[in-house]
Structure formats: structure tokens, C-alpha cells
$ cat model_29.cif   # mmCIF, C-alpha atoms
data_target
#
loop_
_atom_site.group_PDB
_atom_site.id
_atom_site.type_symbol
_atom_site.label_atom_id
_atom_site.label_comp_id
_atom_site.auth_asym_id
_atom_site.auth_seq_id
_atom_site.Cartn_x
_atom_site.Cartn_y
_atom_site.Cartn_z
ATOM 1 C CA MET A 1 -35.463 11.047 29.544
ATOM 2 C CA SER A 2 -35.772 8.238 27.081
ATOM 3 C CA LYS A 3 -32.981 6.011 25.872
ATOM 4 C CA GLN A 4 -35.459 4.054 23.839
ATOM 5 C CA PHE A 5 -33.460 3.378 20.706
ATOM 6 C CA LYS A 6 -32.010 -0.040 20.016
ATOM 7 C CA PHE A 7 -28.700 -0.106 18.192
ATOM 8 C CA ASN A 8 -28.831 -2.243 15.078
ATOM 9 C CA PRO A 9 -25.463 -2.856 13.393
ATOM 10 C CA LYS A 10 -27.187 -3.415 10.044
ATOM 11 C CA LEU A 11 -28.825 0.012 10.178
ATOM 12 C CA ASP A 12 -26.786 2.230 12.439
ATOM 13 C CA LEU A 13 -23.389 3.880 12.407
ATOM 14 C CA ALA A 14 -21.622 4.356 15.736
ATOM 15 C CA ILE A 15 -18.410 6.339 16.185
ATOM 16 C CA GLU A 16 -16.815 6.378 19.614
ATOM 17 C CA ARG A 17 -13.936 8.475 20.920
ATOM 18 C CA SER A 18 -12.164 8.999 24.221
ATOM 19 C CA ILE A 19 -11.506 12.715 24.564
ATOM 20 C CA ASP A 20 -8.921 14.042 26.982
ATOM 21 C CA ALA A 21 -11.099 16.952 28.089
ATOM 22 C CA PRO A 22 -13.968 17.445 30.538
ATOM 23 C CA VAL A 23 -17.574 16.795 29.546
ATOM 24 C CA ARG A 24 -18.333 20.510 29.911
ATOM 25 C CA LEU A 25 -16.063 21.389 26.969
ATOM 26 C CA VAL A 26 -17.361 18.516 24.836
ATOM 27 C CA TRP A 27 -20.930 19.749 25.315
ATOM 28 C CA GLU A 28 -19.910 23.319 24.515
ATOM 29 C CA ALA A 29 -18.087 22.312 21.317
ATOM 30 C CA LEU A 30 -21.090 20.255 20.234
ATOM 31 C CA THR A 31 -23.815 22.798 20.904
ATOM 32 C CA LYS A 32 -22.441 26.308 20.416
ATOM 33 C CA PRO A 33 -22.708 27.389 16.779
ATOM 34 C CA GLU A 34 -19.377 29.253 16.852
ATOM 35 C CA HIS A 35 -17.654 26.005 17.865
ATOM 36 C CA LEU A 36 -19.757 23.713 15.670
ATOM 37 C CA LYS A 37 -18.698 25.723 12.609
ATOM 38 C CA GLU A 38 -15.061 24.865 13.334
ATOM 39 C CA TRP A 39 -15.358 21.078 13.123
ATOM 40 C CA TYR A 40 -18.651 20.033 11.444
ATOM 41 C CA MET A 41 -17.321 20.028 7.858
ATOM 42 C CA PRO A 42 -14.060 18.291 6.844
ATOM 43 C CA LYS A 43 -11.713 21.233 6.270
ATOM 44 C CA ALA A 44 -10.386 19.826 3.003
ATOM 45 C CA TRP A 45 -13.942 19.546 1.653
ATOM 46 C CA GLY A 46 -15.498 22.892 2.524
ATOM 47 C CA ARG A 47 -16.715 24.960 5.407
ATOM 48 C CA VAL A 48 -19.818 25.811 7.415
ATOM 49 C CA SER A 49 -21.029 29.272 6.425
ATOM 50 C CA ARG A 50 -23.801 29.494 9.024
ATOM 51 C CA ALA A 51 -24.946 27.407 11.998
ATOM 52 C CA GLU A 52 -27.993 27.791 14.199
ATOM 53 C CA LEU A 53 -29.060 25.541 17.029
ATOM 54 C CA ASP A 54 -32.014 26.014 19.371
ATOM 55 C CA LEU A 55 -31.443 23.584 22.214
ATOM 56 C CA ARG A 56 -34.960 22.453 23.043
ATOM 57 C CA PRO A 57 -37.339 19.780 21.773
ATOM 58 C CA GLY A 58 -38.830 21.058 18.521
ATOM 59 C CA GLY A 59 -36.009 23.586 18.116
ATOM 60 C CA ILE A 60 -34.123 24.292 14.923
ATOM 61 C CA ILE A 61 -30.839 22.868 13.785
ATOM 62 C CA SER A 62 -29.676 24.603 10.640
ATOM 63 C CA ILE A 63 -26.227 24.214 9.130
ATOM 64 C CA ASP A 64 -25.291 25.792 5.801
ATOM 65 C CA ILE A 65 -22.290 24.476 3.903
ATOM 66 C CA ALA A 66 -20.512 26.993 1.664
ATOM 67 C CA GLY A 67 -20.258 25.688 -1.868
ATOM 68 C CA PRO A 68 -17.336 26.263 -4.232
ATOM 69 C CA ASP A 69 -19.647 28.265 -6.522
ATOM 70 C CA GLY A 70 -20.580 30.657 -3.720
ATOM 71 C CA LYS A 71 -23.959 28.993 -3.191
ATOM 72 C CA ASP A 72 -24.735 27.595 0.234
ATOM 73 C CA SER A 73 -26.251 24.139 0.753
ATOM 74 C CA PRO A 74 -28.733 24.208 3.600
ATOM 75 C CA ASN A 75 -29.165 21.375 6.096
ATOM 76 C CA LEU A 76 -32.260 21.707 8.207
ATOM 77 C CA GLY A 77 -33.501 19.515 11.015
ATOM 78 C CA CYS A 78 -35.285 19.358 14.347
ATOM 79 C CA VAL A 79 -33.872 18.965 17.836
ATOM 80 C CA LEU A 80 -35.576 16.106 19.725
ATOM 81 C CA GLU A 81 -33.845 15.700 23.102
ATOM 82 C CA VAL A 82 -31.488 17.875 25.088
ATOM 83 C CA VAL A 83 -29.900 16.629 28.314
ATOM 84 C CA PRO A 84 -27.049 19.074 28.965
ATOM 85 C CA MET A 85 -23.644 17.389 29.179
ATOM 86 C CA GLU A 86 -25.229 13.976 28.557
ATOM 87 C CA ARG A 87 -27.229 13.637 25.405
ATOM 88 C CA LEU A 88 -28.355 15.512 22.285
ATOM 89 C CA VAL A 89 -30.676 14.106 19.613
ATOM 90 C CA TRP A 90 -31.704 15.648 16.323
ATOM 91 C CA THR A 91 -33.253 14.375 13.094
ATOM 92 C CA SER A 92 -33.499 15.429 9.466
ATOM 93 C CA MET A 93 -36.839 13.598 9.178
ATOM 94 C CA LEU A 94 -38.487 16.644 10.758
ATOM 95 C CA PHE A 95 -38.172 20.357 10.241
ATOM 96 C CA PRO A 96 -38.233 22.717 13.247
ATOM 97 C CA GLY A 97 -41.467 22.565 15.235
ATOM 98 C CA TYR A 98 -41.746 18.839 14.336
ATOM 99 C CA ARG A 99 -43.080 19.497 10.830
ATOM 100 C CA PRO A 100 -42.646 16.423 8.575
ATOM 101 C CA ALA A 101 -39.641 17.232 6.413
ATOM 102 C CA VAL A 102 -39.125 17.259 2.659
ATOM 103 C CA PHE A 103 -35.614 16.129 1.701
ATOM 104 C CA ASP A 104 -33.679 14.702 -1.219
ATOM 105 C CA ASP A 105 -30.686 13.220 0.594
ATOM 106 C CA ILE A 106 -30.744 10.277 2.987
ATOM 107 C CA PRO A 107 -32.369 11.238 6.279
ATOM 108 C CA ILE A 108 -30.837 10.287 9.608
ATOM 109 C CA THR A 109 -31.404 10.728 13.296
ATOM 110 C CA ALA A 110 -28.186 11.637 15.136
ATOM 111 C CA ILE A 111 -27.738 10.754 18.808
ATOM 112 C CA MET A 112 -24.727 12.199 20.583
ATOM 113 C CA THR A 113 -23.916 11.007 24.094
ATOM 114 C CA MET A 114 -21.083 11.813 26.469
ATOM 115 C CA GLU A 115 -20.020 10.714 29.911
ATOM 116 C CA ALA A 116 -17.131 11.486 32.226
ATOM 117 C CA VAL A 117 -14.439 8.800 32.423
ATOM 118 C CA GLY A 118 -11.749 9.896 34.858
ATOM 119 C CA LYS A 119 -10.776 13.417 33.796
ATOM 120 C CA GLY A 120 -11.798 12.746 30.213
ATOM 121 C CA THR A 121 -14.968 12.064 28.256
ATOM 122 C CA ARG A 122 -16.325 9.087 26.389
ATOM 123 C CA TYR A 123 -18.159 10.440 23.343
ATOM 124 C CA VAL A 124 -20.423 8.405 21.055
ATOM 125 C CA LEU A 125 -22.131 9.556 17.870
ATOM 126 C CA THR A 126 -24.834 7.228 16.560
ATOM 127 C CA ALA A 127 -26.599 7.766 13.242
ATOM 128 C CA LEU A 128 -29.866 5.878 12.690
ATOM 129 C CA HIS A 129 -31.079 5.019 9.183
ATOM 130 C CA ARG A 130 -34.376 3.925 7.652
ATOM 131 C CA THR A 131 -33.005 0.909 5.833
ATOM 132 C CA GLU A 132 -29.901 -1.162 5.136
ATOM 133 C CA SER A 133 -29.845 0.373 1.686
ATOM 134 C CA ASP A 134 -29.708 3.928 3.108
ATOM 135 C CA PHE A 135 -26.911 2.900 5.448
ATOM 136 C CA GLN A 136 -24.909 1.276 2.647
ATOM 137 C CA THR A 137 -25.317 4.327 0.437
ATOM 138 C CA ASN A 138 -24.020 6.623 3.179
ATOM 139 C CA LYS A 139 -21.093 4.238 3.736
ATOM 140 C CA THR A 140 -20.039 4.089 0.103
ATOM 141 C CA SER A 141 -20.793 7.690 -0.949
ATOM 142 C CA GLY A 142 -18.088 9.217 1.230
ATOM 143 C CA PHE A 143 -20.660 10.635 3.619
ATOM 144 C CA TYR A 144 -19.340 8.565 6.512
ATOM 145 C CA GLU A 145 -15.731 9.117 5.525
ATOM 146 C CA GLY A 146 -16.587 12.805 6.015
ATOM 147 C CA THR A 147 -18.314 12.070 9.297
ATOM 148 C CA GLU A 148 -15.239 10.273 10.669
ATOM 149 C CA ILE A 149 -13.068 13.241 9.653
ATOM 150 C CA ALA A 150 -15.528 15.640 11.289
ATOM 151 C CA VAL A 151 -15.442 13.663 14.540
ATOM 152 C CA ASP A 152 -11.626 13.782 14.513
ATOM 153 C CA GLN A 153 -11.815 17.552 13.934
ATOM 154 C CA PHE A 154 -14.327 17.747 16.787
ATOM 155 C CA VAL A 155 -11.946 15.969 19.160
ATOM 156 C CA ALA A 156 -9.032 18.223 18.109
ATOM 157 C CA HIS A 157 -11.210 21.299 18.563
ATOM 158 C CA VAL A 158 -12.267 20.262 22.065
ATOM 159 C CA ILE A 159 -8.621 19.650 23.049
ATOM 160 C CA ALA A 160 -7.687 23.087 21.703
ATOM 161 C CA MET A 161 -10.397 24.666 23.878
ATOM 162 C CA LYS A 162 -8.669 23.504 27.089
ATOM 163 C CA MET B 163 -41.127 22.390 27.012
ATOM 164 C CA SER B 164 -41.168 23.686 23.490
ATOM 165 C CA LYS B 165 -44.134 25.141 21.674
ATOM 166 C CA GLN B 166 -41.959 25.800 18.670
ATOM 167 C CA PHE B 167 -44.324 24.953 15.862
ATOM 168 C CA LYS B 168 -45.940 27.662 13.786
ATOM 169 C CA PHE B 169 -49.452 26.943 12.560
ATOM 170 C CA ASN B 170 -49.761 27.332 8.800
ATOM 171 C CA PRO B 171 -53.335 27.157 7.452
ATOM 172 C CA LYS B 172 -52.034 25.962 4.061
ATOM 173 C CA LEU B 173 -50.294 22.982 5.636
ATOM 174 C CA ASP B 174 -51.985 22.205 8.918
ATOM 175 C CA LEU B 175 -55.301 20.859 10.092
ATOM 176 C CA ALA B 176 -56.646 22.100 13.427
ATOM 177 C CA ILE B 177 -59.719 20.683 15.160
ATOM 178 C CA GLU B 178 -60.880 22.363 18.352
ATOM 179 C CA ARG B 179 -63.510 21.241 20.836
ATOM 180 C CA SER B 180 -64.856 22.421 24.168
ATOM 181 C CA ILE B 181 -65.359 19.354 26.332
ATOM 182 C CA ASP B 182 -67.603 19.422 29.398
ATOM 183 C CA ALA B 183 -65.209 17.349 31.488
ATOM 184 C CA PRO B 184 -62.060 18.010 33.504
ATOM 185 C CA VAL B 185 -58.613 17.988 31.884
ATOM 186 C CA ARG B 186 -57.691 14.884 33.892
ATOM 187 C CA LEU B 187 -60.279 12.759 32.045
ATOM 188 C CA VAL B 188 -59.341 14.212 28.660
ATOM 189 C CA TRP B 189 -55.698 13.248 29.246
ATOM 190 C CA GLU B 190 -56.722 9.771 30.388
ATOM 191 C CA ALA B 191 -58.931 9.163 27.347
ATOM 192 C CA LEU B 192 -56.147 10.353 25.052
ATOM 193 C CA THR B 193 -53.281 8.358 26.531
ATOM 194 C CA LYS B 194 -54.594 5.097 27.956
ATOM 195 C CA PRO B 195 -54.748 2.377 25.286
ATOM 196 C CA GLU B 196 -57.983 0.885 26.641
ATOM 197 C CA HIS B 197 -59.655 4.283 26.192
ATOM 198 C CA LEU B 198 -57.914 5.175 22.928
ATOM 199 C CA LYS B 199 -59.277 1.977 21.358
ATOM 200 C CA GLU B 200 -62.824 3.193 22.029
ATOM 201 C CA TRP B 201 -62.658 6.402 19.972
ATOM 202 C CA TYR B 202 -59.660 6.392 17.626
ATOM 203 C CA MET B 203 -61.404 4.716 14.664
ATOM 204 C CA PRO B 204 -64.829 5.844 13.351
ATOM 205 C CA LYS B 205 -67.126 3.083 14.568
ATOM 206 C CA ALA B 206 -68.883 2.773 11.204
ATOM 207 C CA TRP B 207 -65.538 2.237 9.476
ATOM 208 C CA GLY B 208 -63.796 -0.303 11.653
ATOM 209 C CA ARG B 209 -62.150 -0.752 15.008
ATOM 210 C CA VAL B 210 -58.798 -0.647 16.762
ATOM 211 C CA SER B 211 -57.617 -4.201 17.444
ATOM 212 C CA ARG B 212 -54.527 -3.216 19.456
ATOM 213 C CA ALA B 213 -53.099 -0.001 20.889
ATOM 214 C CA GLU B 214 -49.786 0.627 22.621
ATOM 215 C CA LEU B 215 -48.460 3.938 23.858
ATOM 216 C CA ASP B 216 -45.235 4.537 25.770
ATOM 217 C CA LEU B 217 -45.529 8.055 27.129
ATOM 218 C CA ARG B 218 -41.977 9.337 26.885
ATOM 219 C CA PRO B 219 -39.832 10.983 24.209
ATOM 220 C CA GLY B 220 -38.720 8.259 21.813
ATOM 221 C CA GLY B 221 -41.493 5.943 23.017
ATOM 222 C CA ILE B 222 -43.731 3.844 20.821
ATOM 223 C CA ILE B 223 -47.167 4.652 19.541
ATOM 224 C CA SER B 224 -48.653 1.652 17.789
ATOM 225 C CA ILE B 225 -52.279 1.367 16.705
ATOM 226 C CA ASP B 226 -53.561 -1.586 14.683
ATOM 227 C CA ILE B 227 -56.805 -1.266 12.765
ATOM 228 C CA ALA B 228 -58.767 -4.474 12.271
ATOM 229 C CA GLY B 229 -59.500 -5.072 8.616
ATOM 230 C CA PRO B 230 -62.681 -6.613 7.190
ATOM 231 C CA ASP B 231 -60.604 -9.550 5.892
ATOM 232 C CA GLY B 232 -59.250 -10.315 9.363
ATOM 233 C CA LYS B 233 -55.893 -8.699 8.605
ATOM 234 C CA ASP B 234 -54.732 -5.841 10.813
ATOM 235 C CA SER B 235 -53.286 -2.620 9.401
ATOM 236 C CA PRO B 236 -50.462 -1.376 11.608
ATOM 237 C CA ASN B 237 -49.823 2.295 12.355
ATOM 238 C CA LEU B 238 -46.470 2.930 13.971
ATOM 239 C CA GLY B 239 -44.956 6.164 15.191
ATOM 240 C CA CYS B 240 -42.795 7.852 17.795
ATOM 241 C CA VAL B 241 -43.793 9.922 20.818
ATOM 242 C CA LEU B 242 -41.955 13.277 20.862
ATOM 243 C CA GLU B 243 -43.275 15.320 23.796
ATOM 244 C CA VAL B 244 -45.307 14.437 26.860
ATOM 245 C CA VAL B 245 -46.549 17.121 29.254
ATOM 246 C CA PRO B 246 -49.219 15.407 31.346
ATOM 247 C CA MET B 247 -52.613 17.091 31.120
ATOM 248 C CA GLU B 248 -51.230 19.725 28.739
ATOM 249 C CA ARG B 249 -49.619 18.430 25.615
ATOM 250 C CA LEU B 250 -48.823 15.261 23.682
ATOM 251 C CA VAL B 251 -46.890 15.126 20.395
ATOM 252 C CA TRP B 252 -46.223 12.161 18.147
ATOM 253 C CA THR B 253 -45.107 11.677 14.565
ATOM 254 C CA SER B 254 -45.292 9.002 11.884
ATOM 255 C CA MET B 255 -42.049 10.355 10.342
ATOM 256 C CA LEU B 256 -40.136 8.409 12.987
ATOM 257 C CA PHE B 257 -40.391 4.911 14.364
ATOM 258 C CA PRO B 258 -39.885 4.283 18.104
ATOM 259 C CA GLY B 259 -36.450 5.268 19.361
ATOM 260 C CA TYR B 260 -36.388 8.095 16.767
ATOM 261 C CA ARG B 261 -35.470 5.797 13.878
ATOM 262 C CA PRO B 262 -36.275 7.420 10.492
ATOM 263 C CA ALA B 263 -39.496 5.763 9.354
ATOM 264 C CA VAL B 264 -40.460 3.951 6.183
ATOM 265 C CA PHE B 265 -44.087 4.580 5.235
ATOM 266 C CA ASP B 266 -46.418 4.468 2.258
ATOM 267 C CA ASP B 267 -49.208 6.730 3.474
ATOM 268 C CA ILE B 268 -48.961 10.458 4.111
ATOM 269 C CA PRO B 269 -46.918 11.167 7.241
ATOM 270 C CA ILE B 270 -48.058 13.660 9.850
ATOM 271 C CA THR B 271 -47.036 15.028 13.196
ATOM 272 C CA ALA B 272 -49.985 15.218 15.614
ATOM 273 C CA ILE B 273 -50.009 17.776 18.432
ATOM 274 C CA MET B 274 -52.740 17.462 21.035
ATOM 275 C CA THR B 275 -53.154 20.214 23.609
ATOM 276 C CA MET B 276 -55.647 20.745 26.398
ATOM 277 C CA GLU B 277 -56.323 23.417 28.975
ATOM 278 C CA ALA B 278 -58.886 23.941 31.699
ATOM 279 C CA VAL B 279 -61.615 26.454 30.913
ATOM 280 C CA GLY B 280 -63.971 26.773 33.894
ATOM 281 C CA LYS B 281 -64.951 23.196 34.771
ATOM 282 C CA GLY B 282 -64.381 22.030 31.217
ATOM 283 C CA THR B 283 -61.492 21.586 28.816
ATOM 284 C CA ARG B 284 -60.460 23.258 25.585
ATOM 285 C CA TYR B 285 -58.972 20.541 23.375
ATOM 286 C CA VAL B 286 -57.062 21.141 20.142
ATOM 287 C CA LEU B 287 -55.722 18.560 17.725
ATOM 288 C CA THR B 288 -53.276 19.874 15.145
ATOM 289 C CA ALA B 289 -51.911 17.748 12.297
ATOM 290 C CA LEU B 290 -48.792 19.035 10.520
ATOM 291 C CA HIS B 291 -48.035 18.052 6.918
ATOM 292 C CA ARG B 292 -44.984 18.164 4.678
ATOM 293 C CA THR B 293 -46.658 19.967 1.794
ATOM 294 C CA GLU B 294 -49.878 21.548 0.563
ATOM 295 C CA SER B 295 -50.301 18.537 -1.696
ATOM 296 C CA ASP B 296 -50.147 16.123 1.277
ATOM 297 C CA PHE B 297 -52.675 18.243 3.163
ATOM 298 C CA GLN B 298 -55.055 18.377 0.174
ATOM 299 C CA THR B 299 -54.819 14.620 -0.318
ATOM 300 C CA ASN B 300 -55.713 13.981 3.326
ATOM 301 C CA LYS B 301 -58.615 16.421 3.016
ATOM 302 C CA THR B 302 -60.109 14.845 -0.091
ATOM 303 C CA SER B 303 -59.387 11.155 0.653
ATOM 304 C CA GLY B 304 -61.759 10.950 3.601
ATOM 305 C CA PHE B 305 -58.877 10.774 6.057
ATOM 306 C CA TYR B 306 -59.907 14.023 7.716
ATOM 307 C CA GLU B 307 -63.571 13.189 7.574
ATOM 308 C CA GLY B 308 -62.574 10.171 9.675
ATOM 309 C CA THR B 309 -60.480 12.349 11.958
ATOM 310 C CA GLU B 310 -63.437 14.676 12.642
ATOM 311 C CA ILE B 311 -65.602 11.667 13.456
ATOM 312 C CA ALA B 312 -62.887 10.263 15.749
ATOM 313 C CA VAL B 313 -62.645 13.574 17.617
ATOM 314 C CA ASP B 314 -66.424 13.577 18.111
ATOM 315 C CA GLN B 315 -66.205 9.989 19.402
ATOM 316 C CA PHE B 316 -63.348 11.104 21.677
ATOM 317 C CA VAL B 317 -65.499 13.887 23.164
ATOM 318 C CA ALA B 318 -68.440 11.508 23.688
ATOM 319 C CA HIS B 319 -66.144 8.944 25.316
ATOM 320 C CA VAL B 320 -64.693 11.523 27.719
ATOM 321 C CA ILE B 321 -68.196 12.643 28.707
ATOM 322 C CA ALA B 322 -69.185 9.002 29.323
ATOM 323 C CA MET B 323 -66.189 8.593 31.653
ATOM 324 C CA LYS B 324 -67.532 11.210 34.079
#
$ encode --input "model_29.cif" --output "C-alpha cells"
Amino acid sequence: MSKQFKFNPKLDLAIERSIDAPVRLVWEALTKPEHLKEWYMPKAWGRVSRAELDLRPGGIISIDIAGPDGKDSPNLGCVLEVVPMERLVWTSMLFPGYRPAVFDDIPITAIMTMEAVGKGTRYVLTALHRTESDFQTNKTSGFYEGTEIAVDQFVAHVIAMK
Amino acid sequence: MSKQFKFNPKLDLAIERSIDAPVRLVWEALTKPEHLKEWYMPKAWGRVSRAELDLRPGGIISIDIAGPDGKDSPNLGCVLEVVPMERLVWTSMLFPGYRPAVFDDIPITAIMTMEAVGKGTRYVLTALHRTESDFQTNKTSGFYEGTEIAVDQFVAHVIAMK
């Protein structure tokens, strides 16, 4: 399985956490829709109304965020790599089945890796961008403030699963 | 391995050929740069000056077309799926390592499949588009006229390899 991407600090966000829980639970919290719904959206900002994840290359990732007006905002992407308890990759550049995507927000590829360290897990989320400008926009818009909060919620959720 | 994409005649081009050669040679002609250079560009239109293909998910596909003015036009994409002698998928929506791509032409995902039929091979190239407008543009610009010619050159090259 490829680990072909090169981290570029000018283009890529990386968030790393040590989680006091086994890799098995981290993988479950990341990939099961009923768990993903609990941490993906900062709780003070909104909630996930629906989540779907087909864990195979070309599979769907679909996460709807409930809006304050009752309308859901869809987020649709394509799963690229699945190595259970090691690595999950998806992108919003493609729709399910690898179809080139149409989008109006900034597209990213998200790479989530995990590895056992003692009885715990080292977890890293990396988000790849097209350009420095895209990265800067996501940094200043609050998008990555939300992502940091979501990762903290993720860690808390995994701990609560023990 | 996923076969998650749904063919949509309003969005997708499919070109099918029966090739009087074994699957092994079809795969070789498709994936080895020294062969790919021989058929990828319609001979009357130009030639491939350089080809690179790293056959793994996240790997590079890079094909430079020699221009009449001595300048090369690069084409860069990302390999998504590799099932030897069955299926190859790449996309120009992503750069190698799954980085979201920057492009100025119309992006596609290309899916190439092959299967043994008697002593020959059934070969199908499918190109997925974002929109009907993208598909129409590629149809009327000559891009798909060139693709049909390239597929015919591909078939002739495979036959010559026997």
C-alpha cells in the first residue's frame, strides 16, 4: 500500500495526538458512521445529521451537517485507501466511484494514520491542499479551528468507548 | 477491489475493443512507459517525449507531449487502482500522493479494464467527467477524436508485440 505523499508544511495541515486507547477503538471511532457522527462536527457549531462510509477504494464518504434553518449541508467525497487499523485516505476532489467532483468549497485530501505505541495509539490527521492560498484560507476561515476541536472530540469519544 | 463507479452515458465516454492478443501483452502495452510512448499520442499530431508510471495507489502518472516549438506539455496525474491484467485507474483530479490537483484543462478519471475472451482480450477504456458540459467540450474539441486514434494505435501496438 502506498505512502507516496510528501508532507509539505506550506501546503499541508498535520494534527497529531497520543490517545490512551488501543488502535482497534481508534479505527472503530474513525470509520463507523454511528461513532463518526459523535465527533466530526464541533458540538458548539452544529451536528452531523447523516454519515455514510463505504470502506473500499472508490467507495462513498458522505457527511451531512444539520443547518440551523433545518437544511442539511452535504459533504461528499471518495475513499481512496483503506488499511484497517493503519491508514484511511479520502478526498473531496472525487465523488464516489472516482468521478471528478464539482465543489464550491476548498477541496482537500485527508490522510488518517494510526499506530500502536505501548498500550495507546499515535494518531495523525493530514490534510493536503492544492495551493498555499487554499491552505491559508482554511487556516483563517475557522475551518481548521473546527478541525482541531473535532480531533479533540474524537480523542474524547475514543476514550469514552473504553 | 472496488468496481464502484456507475457508467452514465451523459457524462462518460466508453471505448471498447476486441484485441487479438493475450491479456498479458495488453497489460504490458498499457503500463510500461516504453510501450505507452508508442501509442498514447496520435502519430499525426505529435509524440510522447517522456512517460513515467508508478503502478501503485498514490503513484505518479506523468506523460509529456513534445510540442512543435520544442516545448513539452506536461500531463500529471495520480494512480488510484492497480489490479494487474484486470484494471488500472488514474485521475487528473489529483497529483501524485493524492494531492488535490491544479489544472487548466478538463479533468478526467480514466478506467481501463481488460479480460480474456478466448485467446484474445476485451479492452474497455472509460473516461469519467465532472459534468455534461465537460464531456461535450471534450467531444467537440477533438480530444476524443485523438483518444479514438490512440486506442487504435494501442491495439496495433499490442498486435505488433506478439
$ interface_residues --input "model_29.cif" --of "chain B" --to "chain A" --cutoff "6 Å" --atoms "all atoms listed in the file" --output "PyMOL selection string"
chain B and resi 164+166-167+219-220+259+261-263+290-292
$ atom_distance --input "model_29.cif" --atom1 "CA of Trp39 (chain A)" --atom2 "CA of Leu88 (chain A)"
16.8 Å
$ resolve_selection --input "model_29.cif" --expression "the PyMOL selection byres ((chain A and resi 74) around 9)" --output "short mmCIF file (atom, residue, chain, number, x, y, z; two decimals) with C-alpha atoms, in the coordinates of the input"
data_model
loop_
_atom_site.label_atom_id
_atom_site.label_comp_id
_atom_site.auth_asym_id
_atom_site.auth_seq_id
_atom_site.Cartn_x
_atom_site.Cartn_y
_atom_site.Cartn_z
CA SER A 62 -29.68 24.60 10.64
CA ILE A 63 -26.23 24.21 9.13
CA ASP A 64 -25.29 25.79 5.80
CA ILE A 65 -22.29 24.48 3.90
CA ALA A 66 -20.51 26.99 1.66
CA ASP A 72 -24.74 27.60 0.23
CA SER A 73 -26.25 24.14 0.75
CA ASN A 75 -29.16 21.38 6.10
CA LEU A 76 -32.26 21.71 8.21
#
$ atom_distance --input "model_29.cif" --atom1 "CA of Lys32 (chain A)" --atom2 "CA of Glu52 (chain A)"
8.5 Å
$ atom_distance --input "model_29.cif" --atom1 "CA of Glu178 (chain B)" --atom2 "CA of Thr299 (chain B)"
21.1 Å
$ residues_around --input "model_29.cif" --residues "Glu132 (chain A)" --least-positions-apart "3" --cutoff "7 Å" --atoms "all atoms listed in the file" --output "number ranges by chain"
A: 10-11, 135-136
$ resolve_selection --input "model_29.cif" --expression "the PyMOL selection byres ((chain B and resi 186) around 10)" --output "PyMOL selection string"
chain B and resi 183-185+187-191+246-248+276-278+283+320
$ write_last_selection --input "model_29.cif" --atoms "C-alpha atoms" --output "PDB file, in the frame of the given file"
ATOM      1  CA  ALA B 183     -65.209  17.349  31.488  1.00  0.00           C
ATOM      2  CA  PRO B 184     -62.060  18.010  33.504  1.00  0.00           C
ATOM      3  CA  VAL B 185     -58.613  17.988  31.884  1.00  0.00           C
ATOM      4  CA  LEU B 187     -60.279  12.759  32.045  1.00  0.00           C
ATOM      5  CA  VAL B 188     -59.341  14.212  28.660  1.00  0.00           C
ATOM      6  CA  TRP B 189     -55.698  13.248  29.246  1.00  0.00           C
ATOM      7  CA  GLU B 190     -56.722   9.771  30.388  1.00  0.00           C
ATOM      8  CA  ALA B 191     -58.931   9.163  27.347  1.00  0.00           C
ATOM      9  CA  PRO B 246     -49.219  15.407  31.346  1.00  0.00           C
ATOM     10  CA  MET B 247     -52.613  17.091  31.120  1.00  0.00           C
ATOM     11  CA  GLU B 248     -51.230  19.725  28.739  1.00  0.00           C
ATOM     12  CA  MET B 276     -55.647  20.745  26.398  1.00  0.00           C
ATOM     13  CA  GLU B 277     -56.323  23.417  28.975  1.00  0.00           C
ATOM     14  CA  ALA B 278     -58.886  23.941  31.699  1.00  0.00           C
ATOM     15  CA  THR B 283     -61.492  21.586  28.816  1.00  0.00           C
ATOM     16  CA  VAL B 320     -64.693  11.523  27.719  1.00  0.00           C
TER      17      VAL B 320
END
$ closest_residue --input "model_29.cif" --among "A:Pro68, A:Asp104, A:Met112, A:His35" --to "Met161 (chain A)" --atoms "only C-alpha atoms"
A:His35
$ axis_aligned_box --input "model_29.cif" --around "region 234-240 of chain B" --padding-each-side "6 Å" --output "AutoDock Vina command-line options"
--center_x -48.8 --center_y 1.0 --center_z 13.6 --size_x 23.9 --size_y 25.7 --size_z 20.4
$ residues_around --input "model_29.cif" --residues "region 304-311 of chain B" --least-positions-apart "5" --cutoff "8 Å" --atoms "all atoms listed in the file" --output "MDAnalysis selection string"
chainID B and resid 177 203:204
$ residues_around --input "model_29.cif" --residues "Glu196 (chain B)" --least-positions-apart "4" --cutoff "9 Å" --atoms "all atoms listed in the file" --output "PyMOL selection string"
chain B and resi 191+200+212-213
$ closest_residue --input "model_29.cif" --among "A:Thr140, A:Asn8, A:Ser49, A:Ser18" --to "Gly120 (chain A)" --atoms "all atoms listed in the file"
A:Ser18
